[in-house]
>>> print(open('query_4.cif').read())   # mmCIF, C-alpha atoms
data_coords
loop_
_atom_site.group_PDB
_atom_site.id
_atom_site.type_symbol
_atom_site.label_atom_id
_atom_site.label_comp_id
_atom_site.auth_asym_id
_atom_site.auth_seq_id
_atom_site.Cartn_x
_atom_site.Cartn_y
_atom_site.Cartn_z
ATOM 1 C CA MET A 1 -35.552 79.691 -65.705
ATOM 2 C CA SER A 2 -34.988 82.927 -67.585
ATOM 3 C CA ARG A 3 -31.650 83.785 -69.099
ATOM 4 C CA ASP A 4 -31.241 86.579 -66.550
ATOM 5 C CA SER A 5 -31.853 84.289 -63.566
ATOM 6 C CA SER A 6 -29.543 81.650 -65.088
ATOM 7 C CA ALA A 7 -26.782 84.244 -65.385
ATOM 8 C CA THR A 8 -27.398 85.402 -61.802
ATOM 9 C CA LYS A 9 -27.304 81.831 -60.528
ATOM 10 C CA ALA A 10 -24.047 81.186 -62.431
ATOM 11 C CA ARG A 11 -22.461 84.333 -60.941
ATOM 12 C CA LEU A 12 -23.525 83.203 -57.469
ATOM 13 C CA LEU A 13 -22.048 79.742 -58.016
ATOM 14 C CA ASP A 14 -18.756 81.207 -59.272
ATOM 15 C CA ALA A 15 -18.551 83.610 -56.323
ATOM 16 C CA ALA A 16 -19.466 80.829 -53.894
ATOM 17 C CA PHE A 17 -16.783 78.535 -55.330
ATOM 18 C CA THR A 18 -14.140 81.171 -54.655
ATOM 19 C CA GLU A 19 -15.494 81.880 -51.174
ATOM 20 C CA PHE A 20 -15.799 78.230 -50.141
ATOM 21 C CA ALA A 21 -12.365 77.349 -51.518
ATOM 22 C CA ALA A 22 -10.849 80.186 -49.489
ATOM 23 C CA TYR A 23 -12.800 79.879 -46.224
ATOM 24 C CA GLY A 24 -14.643 76.572 -46.113
ATOM 25 C CA ILE A 25 -18.293 76.269 -45.190
ATOM 26 C CA ALA A 26 -18.029 77.670 -41.676
ATOM 27 C CA GLY A 27 -15.851 80.614 -42.686
ATOM 28 C CA ALA A 28 -17.699 81.503 -45.878
ATOM 29 C CA ARG A 29 -20.021 84.503 -45.672
ATOM 30 C CA VAL A 30 -23.143 84.833 -47.776
ATOM 31 C CA ASP A 31 -22.701 88.626 -47.691
ATOM 32 C CA ARG A 32 -19.327 88.313 -49.459
ATOM 33 C CA ILE A 33 -20.704 85.803 -51.956
ATOM 34 C CA ALA A 34 -23.617 88.094 -52.824
ATOM 35 C CA GLU A 35 -21.362 91.141 -53.035
ATOM 36 C CA THR A 36 -18.871 89.362 -55.311
ATOM 37 C CA ALA A 37 -21.737 88.144 -57.524
ATOM 38 C CA GLY A 38 -23.274 91.638 -57.534
ATOM 39 C CA VAL A 39 -26.673 90.470 -56.263
ATOM 40 C CA ASN A 40 -28.871 90.713 -53.193
ATOM 41 C CA LYS A 41 -27.987 87.974 -50.683
ATOM 42 C CA ARG A 42 -31.674 87.011 -50.503
ATOM 43 C CA LEU A 43 -31.212 85.353 -53.911
ATOM 44 C CA ILE A 44 -28.826 82.820 -52.361
ATOM 45 C CA TYR A 45 -31.697 81.566 -50.214
ATOM 46 C CA VAL A 46 -34.184 81.749 -53.096
ATOM 47 C CA TYR A 47 -31.976 79.708 -55.450
ATOM 48 C CA PHE A 48 -30.154 77.391 -53.046
ATOM 49 C CA GLY A 49 -31.988 77.283 -49.717
ATOM 50 C CA ASN A 50 -29.066 77.861 -47.357
ATOM 51 C CA LYS A 51 -25.274 78.067 -47.237
ATOM 52 C CA GLU A 52 -24.817 74.292 -46.863
ATOM 53 C CA GLN A 53 -27.034 73.595 -49.876
ATOM 54 C CA LEU A 54 -25.109 76.217 -51.831
ATOM 55 C CA PHE A 55 -21.871 74.427 -50.902
ATOM 56 C CA ASP A 56 -23.372 71.118 -52.086
ATOM 57 C CA GLU A 57 -24.291 72.731 -55.414
ATOM 58 C CA VAL A 58 -20.811 74.252 -55.795
ATOM 59 C CA LEU A 59 -19.147 70.928 -55.013
ATOM 60 C CA GLN A 60 -21.427 69.017 -57.390
ATOM 61 C CA ARG A 61 -20.741 71.535 -60.143
ATOM 62 C CA ALA A 62 -16.971 71.181 -59.591
ATOM 63 C CA LEU A 63 -17.181 67.371 -59.600
ATOM 64 C CA THR A 64 -19.261 67.371 -62.781
ATOM 65 C CA ALA A 65 -16.826 69.742 -64.498
ATOM 66 C CA GLY A 66 -13.921 67.554 -63.362
ATOM 67 C CA ALA A 67 -15.572 64.379 -64.665
ATOM 68 C CA GLU A 68 -16.208 66.072 -68.009
ATOM 69 C CA SER A 69 -12.654 67.423 -68.208
ATOM 70 C CA VAL A 70 -11.038 64.170 -67.072
ATOM 71 C CA PRO A 71 -13.141 61.204 -68.158
ATOM 72 C CA PHE A 72 -12.403 57.931 -66.403
ATOM 73 C CA ASP A 73 -10.321 55.579 -68.543
ATOM 74 C CA VAL A 74 -9.975 52.122 -67.010
ATOM 75 C CA GLU A 75 -7.849 51.055 -69.992
ATOM 76 C CA ASN A 76 -5.234 53.709 -69.167
ATOM 77 C CA LEU A 77 -5.146 54.353 -65.414
ATOM 78 C CA PRO A 78 -1.676 55.971 -65.603
ATOM 79 C CA GLY A 79 -2.970 58.414 -68.231
ATOM 80 C CA TYR A 80 -6.069 59.029 -66.115
ATOM 81 C CA ALA A 81 -3.872 59.850 -63.096
ATOM 82 C CA GLY A 82 -1.789 62.209 -65.246
ATOM 83 C CA ALA A 83 -4.929 63.928 -66.539
ATOM 84 C CA ILE A 84 -6.207 64.430 -62.975
ATOM 85 C CA PHE A 85 -2.815 65.899 -62.050
ATOM 86 C CA ASP A 86 -2.992 68.281 -65.032
ATOM 87 C CA HIS A 87 -6.560 69.297 -64.100
ATOM 88 C CA LEU A 88 -5.484 70.077 -60.538
ATOM 89 C CA VAL A 89 -2.468 72.058 -61.722
ATOM 90 C CA ALA A 90 -4.840 74.167 -63.807
ATOM 91 C CA ARG A 91 -7.350 74.477 -60.929
ATOM 92 C CA PRO A 92 -5.549 74.149 -57.573
ATOM 93 C CA ASP A 93 -8.541 75.744 -55.866
ATOM 94 C CA LEU A 94 -10.340 72.421 -56.452
ATOM 95 C CA MET A 95 -8.042 70.770 -53.921
ATOM 96 C CA ARG A 96 -8.814 73.498 -51.393
ATOM 97 C CA LEU A 97 -12.548 72.969 -51.906
ATOM 98 C CA ARG A 98 -12.094 69.209 -51.538
ATOM 99 C CA LEU A 99 -10.044 69.678 -48.368
ATOM 100 C CA TRP A 100 -12.765 71.844 -46.846
ATOM 101 C CA LYS A 101 -15.357 69.221 -47.729
ATOM 102 C CA LEU A 102 -13.284 66.496 -46.082
ATOM 103 C CA LEU A 103 -12.715 68.617 -42.971
ATOM 104 C CA GLU A 104 -16.196 70.003 -42.500
ATOM 105 C CA ARG A 105 -18.426 67.342 -44.051
ATOM 106 C CA PRO A 106 -16.456 64.090 -44.129
ATOM 107 C CA SER A 107 -19.361 61.743 -44.727
ATOM 108 C CA ALA A 108 -19.755 60.638 -48.314
ATOM 109 C CA SER A 109 -22.890 62.028 -49.847
ATOM 110 C CA GLY A 110 -24.291 62.918 -53.210
ATOM 111 C CA PRO A 111 -23.135 61.193 -56.385
ATOM 112 C CA GLU A 112 -19.519 60.641 -55.265
ATOM 113 C CA PRO A 113 -20.014 57.177 -53.733
ATOM 114 C CA GLU A 114 -22.015 55.958 -56.738
ATOM 115 C CA ALA A 115 -19.411 57.265 -59.200
ATOM 116 C CA PHE A 116 -16.675 55.527 -57.191
ATOM 117 C CA ARG A 117 -18.634 52.248 -57.173
ATOM 118 C CA HIS A 118 -19.087 52.480 -60.940
ATOM 119 C CA LYS A 119 -15.360 53.057 -61.498
ATOM 120 C CA THR A 120 -14.499 50.268 -59.075
ATOM 121 C CA ALA A 121 -16.726 47.890 -61.050
ATOM 122 C CA GLU A 122 -14.867 48.855 -64.235
ATOM 123 C CA VAL A 123 -11.534 48.185 -62.505
ATOM 124 C CA ALA A 124 -12.795 44.774 -61.325
ATOM 125 C CA ASP A 125 -13.848 43.896 -64.879
ATOM 126 C CA ALA A 126 -10.434 44.951 -66.208
ATOM 127 C CA GLN A 127 -8.746 42.848 -63.521
ATOM 128 C CA ARG A 128 -10.809 39.805 -64.526
ATOM 129 C CA ARG A 129 -9.741 40.332 -68.150
ATOM 130 C CA GLY A 130 -6.087 40.518 -67.039
ATOM 131 C CA ASP A 131 -5.690 44.150 -68.162
ATOM 132 C CA ILE A 132 -5.003 45.461 -64.645
ATOM 133 C CA ALA A 133 -2.967 43.979 -61.799
ATOM 134 C CA PRO A 134 -5.202 41.705 -59.716
ATOM 135 C CA GLU A 135 -3.191 41.841 -56.468
ATOM 136 C CA MET A 136 -5.241 44.648 -54.890
ATOM 137 C CA GLU A 137 -8.955 44.865 -54.344
ATOM 138 C CA PRO A 138 -10.499 47.054 -57.093
ATOM 139 C CA GLY A 139 -11.506 49.816 -54.672
ATOM 140 C CA ASP A 140 -8.049 49.867 -53.084
ATOM 141 C CA LEU A 141 -6.346 50.040 -56.473
ATOM 142 C CA LEU A 142 -8.570 52.911 -57.618
ATOM 143 C CA THR A 143 -8.017 54.736 -54.323
ATOM 144 C CA MET A 144 -4.260 54.412 -54.756
ATOM 145 C CA VAL A 145 -4.369 55.727 -58.341
ATOM 146 C CA LEU A 146 -6.458 58.713 -57.216
ATOM 147 C CA ALA A 147 -4.129 59.329 -54.269
ATOM 148 C CA VAL A 148 -1.085 59.263 -56.547
ATOM 149 C CA ALA A 149 -2.721 61.828 -58.842
ATOM 150 C CA GLN A 150 -3.292 64.169 -55.889
ATOM 151 C CA ALA A 151 -0.145 63.426 -53.876
ATOM 152 C CA TRP A 152 1.879 66.476 -54.921
ATOM 153 C CA PHE A 153 -0.933 68.764 -53.807
ATOM 154 C CA TRP A 154 -1.203 67.162 -50.369
ATOM 155 C CA ALA A 155 2.554 67.028 -49.873
ATOM 156 C CA ALA A 156 3.267 70.724 -50.335
ATOM 157 C CA GLU A 157 4.634 70.846 -46.796
ATOM 158 C CA GLY A 158 4.150 74.231 -45.225
ATOM 159 C CA ALA A 159 2.873 75.623 -48.507
ATOM 160 C CA ASP A 160 -0.565 76.730 -49.499
ATOM 161 C CA VAL A 161 -2.171 74.097 -51.758
ATOM 162 C CA GLU A 162 -2.767 76.724 -54.407
ATOM 163 C CA GLU A 163 0.718 78.226 -54.203
ATOM 164 C CA GLY A 164 2.445 74.831 -54.510
ATOM 165 C CA ALA A 165 1.240 74.291 -58.066
ATOM 166 C CA ARG A 166 1.885 77.883 -59.067
ATOM 167 C CA SER A 167 5.451 77.882 -57.825
ATOM 168 C CA TRP A 168 6.556 74.788 -59.757
ATOM 169 C CA SER A 169 8.893 75.445 -62.637
ATOM 170 C CA PRO A 170 8.038 73.782 -65.956
ATOM 171 C CA GLN A 171 10.766 71.229 -65.241
ATOM 172 C CA GLN A 172 9.375 70.441 -61.762
ATOM 173 C CA LEU A 173 5.882 70.189 -63.193
ATOM 174 C CA ALA A 174 7.047 67.718 -65.835
ATOM 175 C CA LEU A 175 8.930 65.659 -63.227
ATOM 176 C CA HIS A 176 5.938 65.590 -60.863
ATOM 177 C CA ARG A 177 3.589 64.562 -63.653
ATOM 178 C CA SER A 178 5.988 61.878 -64.810
ATOM 179 C CA ALA A 179 6.203 60.518 -61.255
ATOM 180 C CA VAL A 180 2.402 60.425 -61.005
ATOM 181 C CA VAL A 181 2.039 58.510 -64.267
ATOM 182 C CA GLU A 182 4.854 56.092 -63.403
ATOM 183 C CA ALA A 183 3.479 55.378 -59.928
ATOM 184 C CA ALA A 184 0.001 54.751 -61.333
ATOM 185 C CA ARG A 185 1.524 52.461 -63.970
ATOM 186 C CA ARG A 186 3.343 50.442 -61.314
ATOM 187 C CA ILE A 187 0.185 50.138 -59.236
ATOM 188 C CA SER A 188 -2.080 49.087 -62.074
ATOM 189 C CA GLU A 189 0.030 47.258 -64.658
ATOM 190 C CA PRO A 190 -0.233 43.474 -64.563
ATOM 191 C CA LYS A 191 2.995 41.727 -63.629
ATOM 192 C CA THR A 192 4.659 39.725 -66.344
ATOM 193 C CA THR A 193 5.809 36.176 -65.683
ATOM 194 C CA ALA A 194 9.443 37.260 -66.043
ATOM 195 C CA GLU A 195 9.181 39.491 -62.952
#
>>> encode(input="query_4.cif", output="structure tokens")
Amino acid sequence: MSRDSSATKARLLDAAFTEFAAYGIAGARVDRIAETAGVNKRLIYVYFGNKEQLFDEVLQRALTAGAESVPFDVENLPGYAGAIFDHLVARPDLMRLRLWKLLERPSASGPEPEAFRHKTAEVADAQRRGDIAPEMEPGDLLTMVLAVAQAWFWAAEGADVEEGARSWSPQQLALHRSAVVEAARRISEPKTTAE
């Protein structure tokens, strides 16, 4: 692919991310995506096939960027939860995109299930070594850690997901992050015999 077509494709993906995060798959318009990217809408179909395939590409790109920005660390699940929280504070539009995916295409597809299975296997190994609390099934424990990391974004009652993170003061942000890390610690830390 030429440098020019790579740049065009990147502009389309950036424009599509913004559009899908704002409107979901059903509400997104290829005309707006093309206009924002400054290209002919025909290129969306040339590069991606259709709007659903474009959404899949946008979601995969966001998941890959997230995995690179927040690598999984089975040895420090509280730190991992805190890093996810920080990543979502920096990019609250990721939660909107994820919400649209869950609403409009709830079935697990793509690399997500395989990545979750891989992480779950790492949690199970750490549980067998005694590094992580063994009381929960590995998949349940990982789900709880991920839920804790995202909880403040889901719980912004009556608030836009994006606005919730932006409206937090530095003190609130620090308190929320601290709560995320502490909850993940309590979920994952092995119990001592004194407890």
>>> resolve_selection(input="query_4.cif", expression="the PyMOL selection byres ((chain A and resi 63) around 12)", output="JSON list (two decimals) with C-alpha atoms, keeping the file's coordinate frame")
[["chain", "number", "residue", "atom", "x", "y", "z"],
["A", 17, "PHE", "CA", -16.78, 78.54, -55.33],
["A", 56, "ASP", "CA", -23.37, 71.12, -52.09],
["A", 57, "GLU", "CA", -24.29, 72.73, -55.41],
["A", 58, "VAL", "CA", -20.81, 74.25, -55.80],
["A", 59, "LEU", "CA", -19.15, 70.93, -55.01],
["A", 60, "GLN", "CA", -21.43, 69.02, -57.39],
["A", 61, "ARG", "CA", -20.74, 71.54, -60.14],
["A", 62, "ALA", "CA", -16.97, 71.18, -59.59],
["A", 64, "THR", "CA", -19.26, 67.37, -62.78],
["A", 65, "ALA", "CA", -16.83, 69.74, -64.50],
["A", 66, "GLY", "CA", -13.92, 67.55, -63.36],
["A", 67, "ALA", "CA", -15.57, 64.38, -64.67],
["A", 68, "GLU", "CA", -16.21, 66.07, -68.01],
["A", 69, "SER", "CA", -12.65, 67.42, -68.21],
["A", 70, "VAL", "CA", -11.04, 64.17, -67.07],
["A", 71, "PRO", "CA", -13.14, 61.20, -68.16],
["A", 84, "ILE", "CA", -6.21, 64.43, -62.98],
["A", 87, "HIS", "CA", -6.56, 69.30, -64.10],
["A", 94, "LEU", "CA", -10.34, 72.42, -56.45],
["A", 95, "MET", "CA", -8.04, 70.77, -53.92],
["A", 97, "LEU", "CA", -12.55, 72.97, -51.91],
["A", 98, "ARG", "CA", -12.09, 69.21, -51.54],
["A", 110, "GLY", "CA", -24.29, 62.92, -53.21],
["A", 111, "PRO", "CA", -23.14, 61.19, -56.38],
["A", 112, "GLU", "CA", -19.52, 60.64, -55.26],
["A", 115, "ALA", "CA", -19.41, 57.26, -59.20]]
>>> atom_distance(input="query_4.cif", atom1="atom CA of His118 of chain A", atom2="atom CA of Val74 of chain A")
11.0 Å
>>> resolve_selection(input="query_4.cif", expression="the PyMOL selection byres ((chain A and resi 30-38) around 12)", output="ChimeraX atom specification")
/A:7-29,39-45,48-52,54-55
>>> closest_residue(input="query_4.cif", among="A:Leu77, A:Ala179, A:Ala184, A:Met136", to="Trp152 of chain A", atoms="all atoms listed in the file")
A:Ala179
>>> resolve_selection(input="query_4.cif", expression="the PyMOL selection byres ((chain A and resi 149) around 7)", output="PDB file with C-alpha atoms, in the coordinates of the input")
ATOM      1  CA  ALA A  81      -3.872  59.850 -63.096  1.00  0.00           C
ATOM      2  CA  GLY A  82      -1.789  62.209 -65.246  1.00  0.00           C
ATOM      3  CA  ILE A  84      -6.207  64.430 -62.975  1.00  0.00           C
ATOM      4  CA  PHE A  85      -2.815  65.899 -62.050  1.00  0.00           C
ATOM      5  CA  VAL A 145      -4.369  55.727 -58.341  1.00  0.00           C
ATOM      6  CA  LEU A 146      -6.458  58.713 -57.216  1.00  0.00           C
ATOM      7  CA  ALA A 147      -4.129  59.329 -54.269  1.00  0.00           C
ATOM      8  CA  VAL A 148      -1.085  59.263 -56.547  1.00  0.00           C
ATOM      9  CA  GLN A 150      -3.292  64.169 -55.889  1.00  0.00           C
ATOM     10  CA  ALA A 151      -0.145  63.426 -53.876  1.00  0.00           C
ATOM     11  CA  VAL A 180       2.402  60.425 -61.005  1.00  0.00           C
TER      12      VAL A 180
END
>>> closest_residue(input="query_4.cif", among="A:Leu88, A:Leu142, A:Ala133, A:Val46", to="Phe72 of chain A", atoms="all atoms listed in the file")
A:Leu142
>>> atom_distance(input="query_4.cif", atom1="atom CA of Ser6 of chain A", atom2="atom CA of Gln53 of chain A")
17.4 Å
>>> residues_around(input="query_4.cif", residues="Glu135 of chain A", least_positions_apart="6", cutoff="10 Å", atoms="only C-alpha atoms", output="list in words")
Gln127, Leu141, Ile187, Ser188, Pro190 and Lys191 of chain A
>>> atom_distance(input="query_4.cif", atom1="atom CA of Asp125 of chain A", atom2="atom CA of Asn76 of chain A")
13.7 Å
>>> closest_residue(input="query_4.cif", among="A:Asp86, A:Glu137, A:Glu114, A:Asp93", to="Arg177 of chain A", atoms="all atoms listed in the file")
A:Asp86
>>> build_atoms(input="query_4.cif", residues="segment 5-30 of chain A", atoms="N, CA, C and O atoms", output="mmCIF file, keeping the file's coordinate frame")
data_model
loop_
_atom_site.group_PDB
_atom_site.id
_atom_site.type_symbol
_atom_site.label_atom_id
_atom_site.label_comp_id
_atom_site.auth_asym_id
_atom_site.auth_seq_id
_atom_site.Cartn_x
_atom_site.Cartn_y
_atom_site.Cartn_z
ATOM 1 N N SER A 5 -32.011 85.016 -64.827
ATOM 2 C CA SER A 5 -31.853 84.289 -63.566
ATOM 3 C C SER A 5 -30.772 83.213 -63.698
ATOM 4 O O SER A 5 -30.072 82.919 -62.722
ATOM 5 N N SER A 6 -30.620 82.625 -64.879
ATOM 6 C CA SER A 6 -29.543 81.650 -65.088
ATOM 7 C C SER A 6 -28.185 82.321 -64.942
ATOM 8 O O SER A 6 -27.271 81.748 -64.333
ATOM 9 N N ALA A 7 -28.039 83.505 -65.490
ATOM 10 C CA ALA A 7 -26.782 84.244 -65.385
ATOM 11 C C ALA A 7 -26.509 84.631 -63.930
ATOM 12 O O ALA A 7 -25.363 84.538 -63.459
ATOM 13 N N THR A 8 -27.547 85.042 -63.212
ATOM 14 C CA THR A 8 -27.398 85.402 -61.802
ATOM 15 C C THR A 8 -26.973 84.182 -60.985
ATOM 16 O O THR A 8 -26.068 84.249 -60.160
ATOM 17 N N LYS A 9 -27.636 83.056 -61.241
ATOM 18 C CA LYS A 9 -27.304 81.831 -60.528
ATOM 19 C C LYS A 9 -25.859 81.418 -60.819
ATOM 20 O O LYS A 9 -25.116 81.021 -59.911
ATOM 21 N N ALA A 10 -25.428 81.532 -62.061
ATOM 22 C CA ALA A 10 -24.047 81.186 -62.431
ATOM 23 C C ALA A 10 -23.052 82.106 -61.724
ATOM 24 O O ALA A 10 -22.010 81.639 -61.239
ATOM 25 N N ARG A 11 -23.350 83.400 -61.652
ATOM 26 C CA ARG A 11 -22.461 84.333 -60.941
ATOM 27 C C ARG A 11 -22.381 83.976 -59.459
ATOM 28 O O ARG A 11 -21.312 84.024 -58.851
ATOM 29 N N LEU A 12 -23.517 83.610 -58.877
ATOM 30 C CA LEU A 12 -23.525 83.203 -57.469
ATOM 31 C C LEU A 12 -22.689 81.948 -57.250
ATOM 32 O O LEU A 12 -21.922 81.854 -56.285
ATOM 33 N N LEU A 13 -22.819 80.968 -58.138
ATOM 34 C CA LEU A 13 -22.048 79.742 -58.016
ATOM 35 C C LEU A 13 -20.552 80.001 -58.165
ATOM 36 O O LEU A 13 -19.738 79.436 -57.432
ATOM 37 N N ASP A 14 -20.173 80.865 -59.096
ATOM 38 C CA ASP A 14 -18.756 81.207 -59.272
ATOM 39 C C ASP A 14 -18.211 81.917 -58.030
ATOM 40 O O ASP A 14 -17.122 81.590 -57.552
ATOM 41 N N ALA A 15 -18.976 82.878 -57.521
ATOM 42 C CA ALA A 15 -18.551 83.610 -56.323
ATOM 43 C C ALA A 15 -18.482 82.673 -55.118
ATOM 44 O O ALA A 15 -17.555 82.755 -54.305
ATOM 45 N N ALA A 16 -19.444 81.769 -55.016
ATOM 46 C CA ALA A 16 -19.466 80.829 -53.894
ATOM 47 C C ALA A 16 -18.298 79.862 -53.979
ATOM 48 O O ALA A 16 -17.697 79.517 -52.947
ATOM 49 N N PHE A 17 -17.938 79.426 -55.175
ATOM 50 C CA PHE A 17 -16.783 78.535 -55.330
ATOM 51 C C PHE A 17 -15.537 79.196 -54.755
ATOM 52 O O PHE A 17 -14.803 78.590 -53.968
ATOM 53 N N THR A 18 -15.308 80.440 -55.129
ATOM 54 C CA THR A 18 -14.140 81.171 -54.655
ATOM 55 C C THR A 18 -14.178 81.332 -53.141
ATOM 56 O O THR A 18 -13.172 81.120 -52.455
ATOM 57 N N GLU A 19 -15.330 81.672 -52.619
ATOM 58 C CA GLU A 19 -15.494 81.880 -51.174
ATOM 59 C C GLU A 19 -15.293 80.578 -50.401
ATOM 60 O O GLU A 19 -14.564 80.539 -49.406
ATOM 61 N N PHE A 20 -15.926 79.508 -50.842
ATOM 62 C CA PHE A 20 -15.799 78.230 -50.141
ATOM 63 C C PHE A 20 -14.378 77.674 -50.236
ATOM 64 O O PHE A 20 -13.870 77.096 -49.278
ATOM 65 N N ALA A 21 -13.740 77.830 -51.375
ATOM 66 C CA ALA A 21 -12.365 77.349 -51.518
ATOM 67 C C ALA A 21 -11.429 78.109 -50.581
ATOM 68 O O ALA A 21 -10.482 77.529 -50.043
ATOM 69 N N ALA A 22 -11.709 79.375 -50.354
ATOM 70 C CA ALA A 22 -10.849 80.186 -49.489
ATOM 71 C C ALA A 22 -11.145 79.987 -48.005
ATOM 72 O O ALA A 22 -10.219 79.946 -47.191
ATOM 73 N N TYR A 23 -12.419 79.835 -47.638
ATOM 74 C CA TYR A 23 -12.800 79.879 -46.224
ATOM 75 C C TYR A 23 -13.522 78.646 -45.701
ATOM 76 O O TYR A 23 -13.805 78.559 -44.512
ATOM 77 N N GLY A 24 -13.862 77.713 -46.559
ATOM 78 C CA GLY A 24 -14.643 76.572 -46.113
ATOM 79 C C GLY A 24 -16.089 76.950 -45.898
ATOM 80 O O GLY A 24 -16.500 78.087 -46.155
ATOM 81 N N ILE A 25 -16.871 76.006 -45.406
ATOM 82 C CA ILE A 25 -18.293 76.269 -45.190
ATOM 83 C C ILE A 25 -18.481 77.198 -44.001
ATOM 84 O O ILE A 25 -19.188 78.205 -44.090
ATOM 85 N N ALA A 26 -17.836 76.876 -42.894
ATOM 86 C CA ALA A 26 -18.029 77.670 -41.676
ATOM 87 C C ALA A 26 -17.527 79.103 -41.843
ATOM 88 O O ALA A 26 -18.162 80.045 -41.351
ATOM 89 N N GLY A 27 -16.422 79.277 -42.536
ATOM 90 C CA GLY A 27 -15.851 80.614 -42.686
ATOM 91 C C GLY A 27 -16.435 81.431 -43.827
ATOM 92 O O GLY A 27 -16.254 82.651 -43.878
ATOM 93 N N ALA A 28 -17.119 80.779 -44.736
ATOM 94 C CA ALA A 28 -17.699 81.503 -45.878
ATOM 95 C C ALA A 28 -18.820 82.414 -45.392
ATOM 96 O O ALA A 28 -19.549 82.081 -44.454
ATOM 97 N N ARG A 29 -18.978 83.536 -46.035
ATOM 98 C CA ARG A 29 -20.021 84.503 -45.672
ATOM 99 C C ARG A 29 -20.908 84.769 -46.882
ATOM 100 O O ARG A 29 -20.418 85.121 -47.959
ATOM 101 N N VAL A 30 -22.209 84.594 -46.675
ATOM 102 C CA VAL A 30 -23.143 84.833 -47.776
ATOM 103 C C VAL A 30 -23.107 86.293 -48.217
ATOM 104 O O VAL A 30 -23.328 86.581 -49.396
#
